[in-house]
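Notes to accompany the following structure.
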Amino acid sequence: MITPASTSDSELHHWMGVALDTAKRGVECGEFPFGAAVYEPGGTLIAKACNQVRSTCNPSSHAEVNAIAAAASQVGESDLSPYWLVSTAEPCPMCLGAIALAGIQYVAYGASHAVVKESGYGSLGVSGRELAQQFSSQLFVRGPIRGNECVSFMLNNRKRDLLKRELSSHDHSNSRSSA
Ligand SMILES: [Zn+2]
């Protein structure tokens, strides 16, 4: 019988690719570089989502929360205990709370909490893995999966964001000085 516990690393590797593609599409639409997907252990994709904080002006619109909402709506159940959640970054405390409330027991991540914190994207300073242990001994967090790809994708976007911000503040100071 296929259970979440029997999922192989190569399967998680493939699923992480889908989460990463979702994050890339989000970035193309101007979002922060994070993606997540919910998978049935047999390999069926239930839902995928990117971070939508920018387009919705909603600070809680993280990829994991969006993927959980989409998956629950897809299966018509708020209990997502049979599924895996795969995220390009180690979930923040808010997302881990949503994961626990959805009954999800298996989580895989790409970039670790330490790298997210280092990048300046804001991780609330708590490791998802450590928080998972406090929530439940039945919540398993596996990672990093495709860590290098997820990290370089996130950091490259961070650099681009900072450069854009610098250029736009330069533009503003130019227009101010010329006024
Ligand atoms: Zn989050």
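If you're wondering about the labels, chains in the structure tokens are A, B, ... by order shown, residues count from 1 in each chain, ligands from 1 in order shown.
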
Residues within 6 Å of ligand 1 (only C-alpha atoms and all ligand atoms), as a VMD selection string? chain A and resid 62 91 to 92 94 to 95

According to DSSP computed on the backbone, where in chain A is there strand (DSSP E or B)? Give the residues as a PyMOL selection string. chain A and resi 35-39+45-50+84-89+106-111+140-142

Might you pull out every residue within 10 Å of region 117-120 of chain A, with only C-alpha atoms counted and same-chain residues fewer than 6 positions away left off, and present them as a PyMOL selection string? chain A and resi 126-127+151+154-159

Which of A:Glu31, A:Glu130, A:Glu77, A:Glu40 sits closest to Leu12 (chain A) [using only C-alpha atoms]: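 Ranked by minimum distance to Leu12 (chain A), first place goes to A:Glu40.
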
Just list as number ranges by chain whatever in region 53-174 of chain A DSSP marks as alpha helix (DSSP H). A: 53-56, 63-75, 93-101, 113-119, 128-135, 147-174

Need the shell around Gln105 (chain A): protein/DNA/RNA residues with any atom at most 8 Å away, counting only C-alpha atoms. Skip same-chain ones fewer than 3 positions apart. Format as a ChimeraX atom specification? /A:81,83-84,99-100,138-140

Within 12 Å of Ala37 (chain A), counting only C-alpha atoms, which residues qualify if same-chain residues fewer than 3 places away don't, as a VMD selection string? chain A and resid 12 14 to 23 34 40 43 to 51 62 to 71 83 to 89 107 to 109

Find the residues around Cys150 (chain A) up to 7 Å (only C-alpha atoms counted), leave out those fewer than 2 positions away in its own chain, and share them as a compact mmCIF listing (two decimals) with N, CA and C atoms, in the first residue's frame.
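Wrote result23.txt, looks like this:
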```
# COMPACT_ATOMS: atom_id res chain seq x y z
N THR A 88 8.99 25.18 -1.63
CA THR A 88 10.34 25.54 -2.05
C THR A 88 11.18 26.08 -0.89
N GLY A 110 12.59 22.90 0.24
CA GLY A 110 13.81 23.08 -0.53
C GLY A 110 14.83 23.90 0.24
N ALA A 111 14.64 25.22 0.32
CA ALA A 111 15.57 26.10 1.03
C ALA A 111 15.27 26.05 2.53
N ARG A 146 16.23 19.23 -3.28
CA ARG A 146 16.65 20.17 -4.33
C ARG A 146 17.03 21.52 -3.71
N GLY A 147 17.70 21.41 -2.56
CA GLY A 147 18.05 22.60 -1.78
C GLY A 147 18.83 23.64 -2.58
N ASN A 148 19.85 23.20 -3.33
CA ASN A 148 20.68 24.17 -4.06
C ASN A 148 19.87 24.96 -5.07
N SER A 152 19.28 28.97 -4.77
CA SER A 152 19.81 29.93 -5.74
C SER A 152 18.67 30.68 -6.43
N PHE A 153 17.55 30.00 -6.65
CA PHE A 153 16.39 30.69 -7.23
C PHE A 153 15.94 31.83 -6.31
N MET A 154 15.83 31.52 -5.01
CA MET A 154 15.36 32.53 -4.05
C MET A 154 16.35 33.69 -3.94
```

Out of A:Gly103, A:Pro144, A:Gly97, A:Pro33, which residue has the shortest atom-to-atom distance to Ala72 (chain A) when counting only C-alpha atoms?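 For Ala72 (chain A), the nearest of the given residues is A:Gly103.
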
So which residues touch His113 (chain A) within 6 Å, counting only C-alpha atoms, skipping near sequence neighbours fewer than 2 positions away, as a ChimeraX atom specification? /A:90,115-116,127

Filtering to N, CA and C atoms, could you give me those residues as a compact mmCIF listing (two decimals), in the first residue's frame?
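Listed below is the output, again.txt:
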```
# COMPACT_ATOMS: atom_id res chain seq x y z
N GLU A 90 11.47 26.16 3.68
CA GLU A 90 10.98 25.61 4.95
C GLU A 90 9.84 26.50 5.45
N VAL A 115 18.44 29.88 5.52
CA VAL A 115 18.73 30.61 4.28
C VAL A 115 17.65 31.66 4.02
N VAL A 116 16.41 31.32 4.30
CA VAL A 116 15.32 32.29 4.11
C VAL A 116 15.57 33.50 5.01
N SER A 127 12.50 27.92 13.13
CA SER A 127 12.63 26.82 12.19
C SER A 127 11.34 25.99 12.15
```
